[in-house]
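See structure below.
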Amino acid sequence: MRVLLGIFSVVTLLFMAACGESTDVVESGTYTGTVDEVEAEKSEIYVKTEDGQKLELYFIEETELTKNGEAVEFSALEEGQKVKVEVKKVGQRLDPLKVDIKE
Amino acid sequence: METLPSIWRTEVLHALSVHLPLVSLMLATLFFLVALILKKFWLKKASGALLIIGTIGAWITMLTGDAADGIVSRSLCDPTVLKTHENFASLTTILFTVASVVYILQALIDWGVKIKLIFHVIMGLLMVVGTVTLMYVGHLGASLVYQQGAGTHQPSEDCSEF
(Lines give C-alpha, C1' and ligand atoms only; values in the text may rest on other atoms or scores of the structure.)
Protein backbone atom coordinates (compact mmCIF):
# COMPACT_ATOMS: atom_id res chain seq x y z
CA MET A 1 0.00 0.00 0.00
CA ARG A 2 2.84 2.38 0.85
CA VAL A 3 4.50 1.58 -2.48
CA LEU A 4 1.28 2.41 -4.33
CA LEU A 5 0.83 5.62 -2.40
CA GLY A 6 4.42 6.54 -3.16
CA ILE A 7 3.98 5.91 -6.87
CA PHE A 8 0.75 7.92 -6.92
CA SER A 9 2.39 10.85 -5.10
CA VAL A 10 5.37 10.90 -7.42
CA VAL A 11 3.20 10.82 -10.53
CA THR A 12 0.99 13.61 -9.19
CA LEU A 13 3.98 15.80 -8.37
CA LEU A 14 5.56 15.18 -11.74
CA PHE A 15 2.24 15.87 -13.47
CA MET A 16 2.01 19.23 -11.71
CA ALA A 17 5.60 20.06 -12.60
CA ALA A 18 5.08 19.20 -16.27
CA CYS A 19 1.96 21.33 -16.53
CA GLY A 20 3.30 24.31 -14.63
CA GLU A 21 5.38 25.93 -17.35
CA SER A 22 2.83 27.80 -19.49
CA THR A 23 3.71 31.25 -20.81
CA ASP A 24 1.65 34.29 -21.69
CA VAL A 25 1.43 36.43 -24.81
CA VAL A 26 1.06 40.18 -24.31
CA GLU A 27 0.60 43.14 -26.64
CA SER A 28 3.59 45.03 -28.00
CA GLY A 29 4.91 47.45 -25.43
CA THR A 30 7.22 47.91 -22.48
CA TYR A 31 6.97 45.83 -19.34
CA THR A 32 8.88 45.63 -16.09
CA GLY A 33 9.44 42.41 -14.25
CA THR A 34 11.89 39.89 -12.87
CA VAL A 35 14.03 37.40 -14.73
CA ASP A 36 12.48 34.06 -13.82
CA GLU A 37 14.82 31.81 -15.79
CA VAL A 38 17.83 32.16 -18.09
CA GLU A 39 18.63 29.56 -20.77
CA ALA A 40 22.02 30.68 -21.99
CA GLU A 41 22.49 28.01 -24.68
CA LYS A 42 19.27 29.15 -26.37
CA SER A 43 19.72 32.90 -25.67
CA GLU A 44 16.34 32.79 -24.02
CA ILE A 45 14.90 34.27 -20.86
CA TYR A 46 11.61 34.06 -19.03
CA VAL A 47 10.38 37.27 -17.41
CA LYS A 48 7.68 37.43 -14.73
CA THR A 49 5.94 40.79 -15.12
CA GLU A 50 4.59 42.86 -12.26
CA ASP A 51 1.06 41.72 -13.03
CA GLY A 52 2.05 38.08 -12.82
CA GLN A 53 2.39 37.19 -16.50
CA LYS A 54 5.23 34.98 -17.66
CA LEU A 55 6.87 36.07 -20.92
CA GLU A 56 9.07 33.77 -22.97
CA LEU A 57 11.65 35.88 -24.83
CA TYR A 58 14.04 34.49 -27.41
CA PHE A 59 16.74 37.04 -28.15
CA ILE A 60 16.97 38.01 -31.80
CA GLU A 61 19.71 39.83 -33.70
CA GLU A 62 18.06 43.17 -33.06
CA THR A 63 17.72 42.71 -29.31
CA GLU A 64 19.56 45.39 -27.35
CA LEU A 65 20.67 44.28 -23.91
CA THR A 66 21.78 47.03 -21.56
CA LYS A 67 22.66 47.58 -17.91
CA ASN A 68 22.92 51.11 -16.53
CA GLY A 69 22.66 52.40 -20.06
CA GLU A 70 25.60 50.35 -21.35
CA ALA A 71 25.45 47.43 -23.73
CA VAL A 72 26.29 44.11 -22.06
CA GLU A 73 26.60 40.47 -23.08
CA PHE A 74 23.86 37.88 -22.57
CA SER A 75 25.93 36.35 -19.78
CA ALA A 76 25.14 39.44 -17.67
CA LEU A 77 21.59 38.17 -17.23
CA GLU A 78 20.82 36.28 -14.02
CA GLU A 79 17.70 34.92 -12.38
CA GLY A 80 16.08 37.34 -10.00
CA GLN A 81 17.26 40.50 -11.74
CA LYS A 82 14.74 43.29 -12.27
CA VAL A 83 14.41 44.12 -15.95
CA LYS A 84 12.49 46.44 -18.25
CA VAL A 85 11.67 44.83 -21.58
CA GLU A 86 10.30 46.28 -24.79
CA VAL A 87 8.62 43.58 -26.83
CA LYS A 88 7.06 43.44 -30.25
CA LYS A 89 4.24 41.00 -30.76
CA VAL A 90 4.60 39.13 -34.06
CA GLY A 91 1.69 36.75 -34.45
CA GLN A 92 1.72 35.02 -31.08
CA ARG A 93 5.46 35.43 -30.68
CA LEU A 94 7.13 38.11 -28.57
CA ASP A 95 10.36 39.52 -30.00
CA PRO A 96 12.39 41.38 -27.37
CA LEU A 97 13.61 44.64 -28.90
CA LYS A 98 15.22 45.99 -25.73
CA VAL A 99 16.07 44.45 -22.39
CA ASP A 100 17.40 46.76 -19.72
CA ILE A 101 18.74 45.28 -16.49
CA LYS A 102 17.69 47.44 -13.59
CA GLU A 103 19.84 45.87 -10.87
CA MET B 1 21.83 30.99 -55.65
CA GLU B 2 20.36 29.42 -52.48
CA THR B 3 22.02 26.34 -51.07
CA LEU B 4 20.20 23.33 -49.72
CA PRO B 5 20.53 23.02 -45.93
CA SER B 6 21.98 19.79 -44.60
CA ILE B 7 19.52 16.96 -43.90
CA TRP B 8 21.59 16.26 -40.80
CA ARG B 9 21.06 19.63 -39.19
CA THR B 10 20.24 19.62 -35.46
CA GLU B 11 16.50 20.19 -35.66
CA VAL B 12 16.02 17.25 -38.01
CA LEU B 13 17.42 14.87 -35.38
CA HIS B 14 14.17 15.31 -33.49
CA ALA B 15 12.15 14.12 -36.47
CA LEU B 16 14.61 11.22 -36.83
CA SER B 17 14.23 10.10 -33.21
CA VAL B 18 10.55 10.68 -32.52
CA HIS B 19 8.86 8.02 -34.62
CA LEU B 20 10.29 4.94 -32.86
CA PRO B 21 8.95 5.83 -29.38
CA LEU B 22 5.71 7.04 -30.93
CA VAL B 23 5.00 3.63 -32.44
CA SER B 24 6.58 1.53 -29.64
CA LEU B 25 4.61 3.16 -26.86
CA MET B 26 1.30 2.99 -28.69
CA LEU B 27 1.87 -0.66 -29.57
CA ALA B 28 2.95 -1.36 -25.99
CA THR B 29 -0.38 -0.06 -24.74
CA LEU B 30 -2.34 -1.95 -27.41
CA PHE B 31 -0.52 -5.23 -26.70
CA PHE B 32 -1.01 -4.77 -22.96
CA LEU B 33 -4.76 -4.29 -23.30
CA VAL B 34 -5.11 -7.19 -25.75
CA ALA B 35 -3.02 -9.40 -23.42
CA LEU B 36 -5.43 -8.59 -20.58
CA ILE B 37 -8.46 -9.49 -22.66
CA LEU B 38 -7.10 -12.59 -24.40
CA LYS B 39 -4.92 -13.63 -21.45
CA LYS B 40 -1.89 -14.18 -23.71
CA PHE B 41 1.30 -14.15 -21.67
CA TRP B 42 3.56 -13.57 -24.69
CA LEU B 43 1.68 -10.39 -25.56
CA LYS B 44 2.36 -9.03 -22.10
CA LYS B 45 6.08 -9.73 -22.51
CA ALA B 46 6.04 -8.08 -25.94
CA SER B 47 4.21 -5.11 -24.42
CA GLY B 48 6.88 -4.83 -21.72
CA ALA B 49 9.70 -4.89 -24.26
CA LEU B 50 8.01 -2.24 -26.42
CA LEU B 51 7.33 -0.15 -23.32
CA ILE B 52 10.98 -0.09 -22.29
CA ILE B 53 12.27 0.52 -25.83
CA GLY B 54 9.71 3.28 -26.29
CA THR B 55 10.51 4.91 -22.97
CA ILE B 56 14.23 5.02 -23.72
CA GLY B 57 13.38 6.43 -27.14
CA ALA B 58 11.13 9.03 -25.51
CA TRP B 59 13.97 10.33 -23.35
CA ILE B 60 16.26 10.57 -26.38
CA THR B 61 13.50 12.40 -28.22
CA MET B 62 13.15 14.86 -25.34
CA LEU B 63 16.87 15.68 -25.71
CA THR B 64 16.68 16.15 -29.47
CA GLY B 65 13.52 18.20 -29.02
CA ASP B 66 15.25 20.47 -26.55
CA ALA B 67 18.05 21.00 -29.07
CA ALA B 68 15.55 21.75 -31.84
CA ASP B 69 13.67 24.22 -29.63
CA GLY B 70 16.55 26.66 -29.54
CA ILE B 71 16.76 26.67 -33.33
CA VAL B 72 13.15 26.72 -34.54
CA SER B 73 11.39 28.78 -31.88
CA ARG B 74 12.47 32.17 -33.26
CA SER B 75 10.83 31.43 -36.60
CA LEU B 76 7.49 30.29 -35.20
CA CYS B 77 4.46 32.55 -35.33
CA ASP B 78 2.94 30.86 -32.29
CA PRO B 79 5.60 29.45 -29.95
CA THR B 80 2.94 28.77 -27.31
CA VAL B 81 2.10 25.65 -29.34
CA LEU B 82 5.71 24.57 -28.94
CA LYS B 83 5.56 25.17 -25.20
CA THR B 84 2.40 23.06 -24.86
CA HIS B 85 4.00 20.38 -27.05
CA GLU B 86 7.03 20.30 -24.75
CA ASN B 87 4.97 20.25 -21.55
CA PHE B 88 2.84 17.35 -22.71
CA ALA B 89 5.89 15.53 -24.06
CA SER B 90 7.45 15.77 -20.60
CA LEU B 91 4.27 14.50 -18.99
CA THR B 92 4.00 11.62 -21.47
CA THR B 93 7.60 10.59 -20.93
CA ILE B 94 7.11 10.64 -17.17
CA LEU B 95 3.94 8.54 -17.37
CA PHE B 96 5.61 5.88 -19.47
CA THR B 97 8.75 5.97 -17.35
CA VAL B 98 6.73 5.26 -14.22
CA ALA B 99 4.87 2.52 -16.13
CA SER B 100 8.24 1.02 -17.10
CA VAL B 101 9.44 1.08 -13.50
CA VAL B 102 6.23 -0.58 -12.35
CA TYR B 103 6.59 -3.20 -15.10
CA ILE B 104 10.18 -3.98 -14.10
CA LEU B 105 9.25 -4.14 -10.40
CA GLN B 106 6.39 -6.57 -10.96
CA ALA B 107 8.50 -8.67 -13.34
CA LEU B 108 11.56 -8.98 -11.08
CA ILE B 109 10.01 -9.38 -7.63
CA ASP B 110 7.39 -11.87 -6.51
CA TRP B 111 4.90 -9.58 -4.76
CA GLY B 112 2.06 -12.04 -4.61
CA VAL B 113 -1.03 -12.24 -6.78
CA LYS B 114 -2.94 -9.36 -5.18
CA ILE B 115 -0.11 -6.79 -5.40
CA LYS B 116 0.77 -7.89 -8.93
CA LEU B 117 -2.83 -7.30 -9.97
CA ILE B 118 -2.72 -3.79 -8.50
CA PHE B 119 0.57 -3.17 -10.34
CA HIS B 120 -1.08 -4.26 -13.59
CA VAL B 121 -3.97 -1.90 -13.01
CA ILE B 122 -1.57 0.99 -12.35
CA MET B 123 0.45 0.10 -15.43
CA GLY B 124 -2.64 -0.05 -17.59
CA LEU B 125 -3.89 3.31 -16.36
CA LEU B 126 -0.52 4.97 -16.84
CA MET B 127 -0.18 3.55 -20.35
CA VAL B 128 -3.68 4.47 -21.47
CA VAL B 129 -3.40 8.03 -20.12
CA GLY B 130 0.11 8.23 -21.56
CA THR B 131 -1.15 7.14 -24.98
CA VAL B 132 -3.81 9.85 -24.95
CA THR B 133 -1.26 12.52 -24.06
CA LEU B 134 1.13 11.03 -26.64
CA MET B 135 -1.47 11.47 -29.36
CA TYR B 136 -1.92 15.09 -28.31
CA VAL B 137 1.85 15.65 -28.36
CA GLY B 138 1.98 14.17 -31.85
CA HIS B 139 -0.88 16.37 -32.99
CA LEU B 140 0.89 19.49 -31.71
CA GLY B 141 4.14 18.37 -33.30
CA ALA B 142 2.41 17.95 -36.63
CA SER B 143 0.81 21.36 -36.19
CA LEU B 144 4.22 22.92 -35.63
CA VAL B 145 5.62 21.37 -38.79
CA TYR B 146 2.67 21.53 -41.17
CA GLN B 147 1.06 24.78 -39.99
CA GLN B 148 4.12 26.74 -38.92
CA GLY B 149 6.91 25.11 -40.92
CA ALA B 150 9.03 24.30 -37.88
CA GLY B 151 12.37 22.86 -38.89
CA THR B 152 11.51 22.79 -42.58
CA HIS B 153 13.22 24.37 -45.54
CA GLN B 154 11.15 26.32 -48.02
CA PRO B 155 12.75 25.88 -51.48
CA SER B 156 13.19 28.97 -53.63
CA GLU B 157 10.62 29.61 -56.35
CA ASP B 158 13.03 28.72 -59.15
CA CYS B 159 14.36 25.64 -57.30
CA SER B 160 17.86 26.96 -57.81
CA GLU B 161 19.26 25.02 -54.88
CA PHE B 162 18.36 21.81 -56.67
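Chains: A, B, ... in order of the C-alpha coordinates. Residues: from 1 per chain. Ligands: from 1, in order shown.
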Subject >> Thr92 (chain B) surroundings by only C-alpha atoms, 9 Å radius, close-in-sequence under 6 positions cut, as a list of chain:residue names >> reply: B:Ala58, B:Val129, B:Gly130, B:Thr131, B:Val132, B:Thr133, B:Leu134, B:Val137
Restrict the calculation to only C-alpha atoms, then for each residue of chain B with any atom at most 10 Å from an atom of chain A give the closest atom pair and their distance in Å to one decimal, rows by chain and rising residue number, as CSV.
residue,atom,partner,partner_atom,distance
B:Asp66,CA,A:Lys42,CA,9.6
B:Ala67,CA,A:Lys42,CA,8.7
B:Ala68,CA,A:Lys42,CA,9.9
B:Asp69,CA,A:Lys42,CA,8.1
B:Gly70,CA,A:Lys42,CA,4.9
B:Ile71,CA,A:Lys42,CA,7.8
B:Ser73,CA,A:Tyr58,CA,7.7
B:Arg74,CA,A:Tyr58,CA,6.5
B:Ser75,CA,A:Arg93,CA,8.9
B:Leu76,CA,A:Arg93,CA,7.1
B:Cys77,CA,A:Gly91,CA,5.1
B:Asp78,CA,A:Gln92,CA,4.5
B:Pro79,CA,A:Arg93,CA,6.0
B:Thr80,CA,A:Thr23,CA,7.0
B:Val81,CA,A:Gln92,CA,9.5
B:Lys83,CA,A:Ser22,CA,6.9
B:Thr84,CA,A:Ser22,CA,7.2
B:Glu86,CA,A:Ala18,CA,8.8
B:Asn87,CA,A:Ala18,CA,5.4
B:Phe88,CA,A:Ala18,CA,7.1
B:Ala89,CA,A:Ala18,CA,8.6
B:Ser90,CA,A:Ala18,CA,6.0
B:Leu91,CA,A:Ala18,CA,5.5
B:Thr92,CA,A:Phe15,CA,9.2
B:Ile94,CA,A:Leu14,CA,7.2
B:Leu95,CA,A:Val11,CA,7.2
B:Val98,CA,A:Val11,CA,7.5
B:Ala99,CA,A:Ile7,CA,9.9
B:Val101,CA,A:Ile7,CA,9.9
B:Val102,CA,A:Ile7,CA,8.8
B:Ile115,CA,A:Met1,CA,8.7
B:Ile118,CA,A:Leu4,CA,8.5
B:Phe119,CA,A:Leu4,CA,8.2
B:Ile122,CA,A:Leu4,CA,8.6
B:Leu126,CA,A:Val11,CA,9.4
Those selected residues, please, written with N, CA and C atoms and delivered as a short mmCIF file (atom, residue, chain, number, x, y, z; two decimals), in the first residue's frame.
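Written file, result_3.cif:
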data_model
loop_
_atom_site.label_atom_id
_atom_site.label_comp_id
_atom_site.auth_asym_id
_atom_site.auth_seq_id
_atom_site.Cartn_x
_atom_site.Cartn_y
_atom_site.Cartn_z
N ASP B 66 14.69 19.31 -27.25
CA ASP B 66 15.25 20.47 -26.55
C ASP B 66 16.27 21.18 -27.43
N ALA B 67 17.06 20.40 -28.15
CA ALA B 67 18.05 21.00 -29.07
C ALA B 67 17.35 21.73 -30.21
N ALA B 68 16.28 21.15 -30.73
CA ALA B 68 15.55 21.75 -31.84
C ALA B 68 14.84 23.04 -31.41
N ASP B 69 14.37 23.06 -30.18
CA ASP B 69 13.67 24.22 -29.63
C ASP B 69 14.46 25.50 -29.84
N GLY B 70 15.71 25.48 -29.47
CA GLY B 70 16.55 26.66 -29.54
C GLY B 70 16.73 27.18 -30.96
N ILE B 71 16.51 26.29 -31.94
CA ILE B 71 16.76 26.67 -33.33
C ILE B 71 15.47 27.13 -34.01
N SER B 73 12.38 27.96 -32.59
CA SER B 73 11.39 28.78 -31.88
C SER B 73 11.33 30.23 -32.37
N ARG B 74 12.47 30.77 -32.81
CA ARG B 74 12.47 32.17 -33.26
C ARG B 74 11.70 32.37 -34.56
N SER B 75 11.51 31.29 -35.32
CA SER B 75 10.83 31.43 -36.60
C SER B 75 9.35 31.09 -36.51
N LEU B 76 8.89 30.66 -35.34
CA LEU B 76 7.49 30.29 -35.20
C LEU B 76 6.61 31.51 -35.00
N CYS B 77 5.41 31.45 -35.54
CA CYS B 77 4.46 32.55 -35.33
C CYS B 77 3.69 32.36 -34.03
N ASP B 78 3.64 31.12 -33.54
CA ASP B 78 2.94 30.86 -32.29
C ASP B 78 3.76 29.87 -31.46
N PRO B 79 4.77 30.35 -30.76
CA PRO B 79 5.60 29.45 -29.95
C PRO B 79 4.88 28.87 -28.74
N THR B 80 3.69 29.36 -28.44
CA THR B 80 2.94 28.77 -27.31
C THR B 80 2.55 27.32 -27.64
N VAL B 81 2.39 27.04 -28.94
CA VAL B 81 2.10 25.65 -29.34
C VAL B 81 3.30 24.77 -29.01
N LYS B 83 5.49 25.31 -26.66
CA LYS B 83 5.56 25.17 -25.20
C LYS B 83 4.59 24.09 -24.71
N THR B 84 3.39 24.09 -25.23
CA THR B 84 2.40 23.06 -24.86
C THR B 84 2.88 21.69 -25.31
N GLU B 86 5.94 20.70 -25.65
CA GLU B 86 7.03 20.30 -24.75
C GLU B 86 6.49 19.85 -23.39
N ASN B 87 5.53 20.60 -22.86
CA ASN B 87 4.97 20.25 -21.55
C ASN B 87 4.32 18.88 -21.58
N PHE B 88 3.52 18.64 -22.62
CA PHE B 88 2.84 17.35 -22.71
C PHE B 88 3.81 16.23 -23.06
N ALA B 89 4.87 16.55 -23.78
CA ALA B 89 5.89 15.53 -24.06
C ALA B 89 6.58 15.11 -22.76
N SER B 90 6.84 16.07 -21.90
CA SER B 90 7.45 15.77 -20.60
C SER B 90 6.52 14.88 -19.79
N LEU B 91 5.26 15.27 -19.75
CA LEU B 91 4.27 14.50 -18.99
C LEU B 91 4.17 13.07 -19.52
N THR B 92 4.12 12.94 -20.85
CA THR B 92 4.00 11.62 -21.47
C THR B 92 5.20 10.76 -21.13
N ILE B 94 7.15 11.00 -18.59
CA ILE B 94 7.11 10.64 -17.17
C ILE B 94 6.12 9.50 -16.93
N LEU B 95 4.96 9.59 -17.55
CA LEU B 95 3.94 8.54 -17.37
C LEU B 95 4.48 7.18 -17.81
N VAL B 98 7.27 5.87 -15.44
CA VAL B 98 6.73 5.26 -14.22
C VAL B 98 6.13 3.89 -14.55
N ALA B 99 5.43 3.81 -15.69
CA ALA B 99 4.87 2.52 -16.13
C ALA B 99 5.97 1.49 -16.32
N VAL B 101 8.92 1.45 -14.83
CA VAL B 101 9.44 1.08 -13.50
C VAL B 101 8.51 0.07 -12.84
N VAL B 102 7.21 0.34 -12.94
CA VAL B 102 6.23 -0.58 -12.35
C VAL B 102 6.32 -1.95 -13.02
N ILE B 115 -0.94 -7.97 -5.12
CA ILE B 115 -0.11 -6.79 -5.40
C ILE B 115 0.20 -6.71 -6.89
N ILE B 118 -2.67 -5.25 -8.69
CA ILE B 118 -2.72 -3.79 -8.50
C ILE B 118 -1.68 -3.12 -9.39
N PHE B 119 -0.49 -3.71 -9.48
CA PHE B 119 0.57 -3.17 -10.34
C PHE B 119 0.10 -3.16 -11.79
N ILE B 122 -2.30 -0.30 -12.30
CA ILE B 122 -1.57 0.99 -12.35
C ILE B 122 -0.89 1.14 -13.70
N LEU B 126 -1.61 4.09 -16.41
CA LEU B 126 -0.52 4.97 -16.84
C LEU B 126 -0.34 4.91 -18.36
#
Original post:
Mind checking DSSP for region 10-102 of chain A and telling me the alpha helix (DSSP H) residues as a list in words?
Top reply: Val10, Val11, Thr12, Leu13, Leu14, Phe15, Met16, Ala17, Ala18 and Cys19 of chain A
**OP:** Identify, on the basis of only C-alpha atoms, every residue whose closest approach to Gly54 (chain B) does not exceed 9 Å; exclude the query and any residue fewer than 6 positions from it along the same chain; express the result as a ChimeraX atom specification.
**Re:** /B:20-26,28,96
Can you write out the residues you just picked, keeping N, CA and C atoms, as an mmCIF file, in the first residue's frame?
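Listed below is the output, selection_16.cif:
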data_model
loop_
_atom_site.group_PDB
_atom_site.id
_atom_site.type_symbol
_atom_site.label_atom_id
_atom_site.label_comp_id
_atom_site.auth_asym_id
_atom_site.auth_seq_id
_atom_site.Cartn_x
_atom_site.Cartn_y
_atom_site.Cartn_z
ATOM 1 N N LEU B 20 10.155 6.242 -33.541
ATOM 2 C CA LEU B 20 10.295 4.941 -32.863
ATOM 3 C C LEU B 20 9.511 4.918 -31.543
ATOM 4 N N PRO B 21 9.737 5.865 -30.624
ATOM 5 C CA PRO B 21 8.949 5.825 -29.384
ATOM 6 C C PRO B 21 7.456 6.023 -29.619
ATOM 7 N N LEU B 22 7.121 6.803 -30.619
ATOM 8 C CA LEU B 22 5.707 7.042 -30.929
ATOM 9 C C LEU B 22 5.007 5.708 -31.201
ATOM 10 N N VAL B 23 5.603 4.912 -32.077
ATOM 11 C CA VAL B 23 4.997 3.627 -32.435
ATOM 12 C C VAL B 23 5.137 2.617 -31.301
ATOM 13 N N SER B 24 6.319 2.529 -30.710
ATOM 14 C CA SER B 24 6.581 1.532 -29.645
ATOM 15 C C SER B 24 5.622 1.687 -28.483
ATOM 16 N N LEU B 25 5.442 2.944 -28.047
ATOM 17 C CA LEU B 25 4.611 3.156 -26.864
ATOM 18 C C LEU B 25 3.140 2.892 -27.149
ATOM 19 N N MET B 26 2.697 3.260 -28.340
ATOM 20 C CA MET B 26 1.295 2.994 -28.692
ATOM 21 C C MET B 26 1.053 1.498 -28.822
ATOM 22 N N ALA B 28 2.810 -0.797 -27.340
ATOM 23 C CA ALA B 28 2.955 -1.364 -25.994
ATOM 24 C C ALA B 28 1.609 -1.331 -25.276
ATOM 25 N N PHE B 96 5.110 7.162 -18.978
ATOM 26 C CA PHE B 96 5.613 5.876 -19.474
ATOM 27 C C PHE B 96 6.848 5.416 -18.703
#
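Each of B:Leu27, B:Val12, B:Val18, B:Val145 was checked against Leu50 (chain B) using only C-alpha atoms; the smallest atom-to-atom distance is that of B:Leu27.
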Original post:
Distance CA of Phe162 (chain B)-CA of Ala15 (chain B), one decimal place?
Top reply: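 So the answer is 22.5 Å.
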Original post:
From the list A:Gln53, A:Glu103, A:Glu27, A:Gly33, which residue is nearest Lys84 (chain A) when using only C-alpha atoms?
Top reply: A:Gly33
Subject >> Contacts of Val99 (chain A) within 9 Å, only C-alpha atoms, excl. fewer than 5 positions in-chain, as a PyMOL selection string >> reply: chain A and resi 63-67+83-87
Would you put the residues from that selection into a file with N, CA and C atoms, as a PDB file, in the first residue's frame?
ATOM      1  N   THR A  63      17.926  42.479 -30.745  1.00  0.00           N
ATOM      2  CA  THR A  63      17.717  42.711 -29.313  1.00  0.00           C
ATOM      3  C   THR A  63      18.880  43.489 -28.712  1.00  0.00           C
ATOM      4  N   GLU A  64      18.535  44.590 -28.034  1.00  0.00           N
ATOM      5  CA  GLU A  64      19.556  45.390 -27.353  1.00  0.00           C
ATOM      6  C   GLU A  64      19.497  45.086 -25.867  1.00  0.00           C
ATOM      7  N   LEU A  65      20.596  44.591 -25.331  1.00  0.00           N
ATOM      8  CA  LEU A  65      20.672  44.277 -23.907  1.00  0.00           C
ATOM      9  C   LEU A  65      21.559  45.308 -23.233  1.00  0.00           C
ATOM     10  N   THR A  66      21.008  45.993 -22.235  1.00  0.00           N
ATOM     11  CA  THR A  66      21.783  47.030 -21.557  1.00  0.00           C
ATOM     12  C   THR A  66      21.681  46.897 -20.048  1.00  0.00           C
ATOM     13  N   LYS A  67      22.655  47.492 -19.379  1.00  0.00           N
ATOM     14  CA  LYS A  67      22.660  47.581 -17.915  1.00  0.00           C
ATOM     15  C   LYS A  67      23.244  48.941 -17.577  1.00  0.00           C
ATOM     16  N   VAL A  83      14.150  43.691 -14.582  1.00  0.00           N
ATOM     17  CA  VAL A  83      14.412  44.125 -15.955  1.00  0.00           C
ATOM     18  C   VAL A  83      13.233  44.923 -16.505  1.00  0.00           C
ATOM     19  N   LYS A  84      13.523  45.717 -17.505  1.00  0.00           N
ATOM     20  CA  LYS A  84      12.486  46.441 -18.252  1.00  0.00           C
ATOM     21  C   LYS A  84      12.634  45.971 -19.686  1.00  0.00           C
ATOM     22  N   VAL A  85      11.573  45.406 -20.231  1.00  0.00           N
ATOM     23  CA  VAL A  85      11.673  44.835 -21.580  1.00  0.00           C
ATOM     24  C   VAL A  85      10.701  45.521 -22.518  1.00  0.00           C
ATOM     25  N   GLU A  86      11.179  45.769 -23.735  1.00  0.00           N
ATOM     26  CA  GLU A  86      10.304  46.281 -24.786  1.00  0.00           C
ATOM     27  C   GLU A  86      10.116  45.138 -25.764  1.00  0.00           C
ATOM     28  N   VAL A  87       8.882  44.726 -25.958  1.00  0.00           N
ATOM     29  CA  VAL A  87       8.624  43.581 -26.828  1.00  0.00           C
ATOM     30  C   VAL A  87       7.727  43.988 -27.983  1.00  0.00           C
TER      31      VAL A  87
END
Original post:
Please, what distance in Å, to one decimal, runs between CA of Gly29 (chain A) and CA of Lys88 (chain A)?
Top reply: 6.6 Å
Subject >> Residues within 12 Å of Ser160 (chain B), only C-alpha atoms, excluding chain neighbours under 2 positions, as a PyMOL selection string >> reply: chain B and resi 1-4+154-158+162
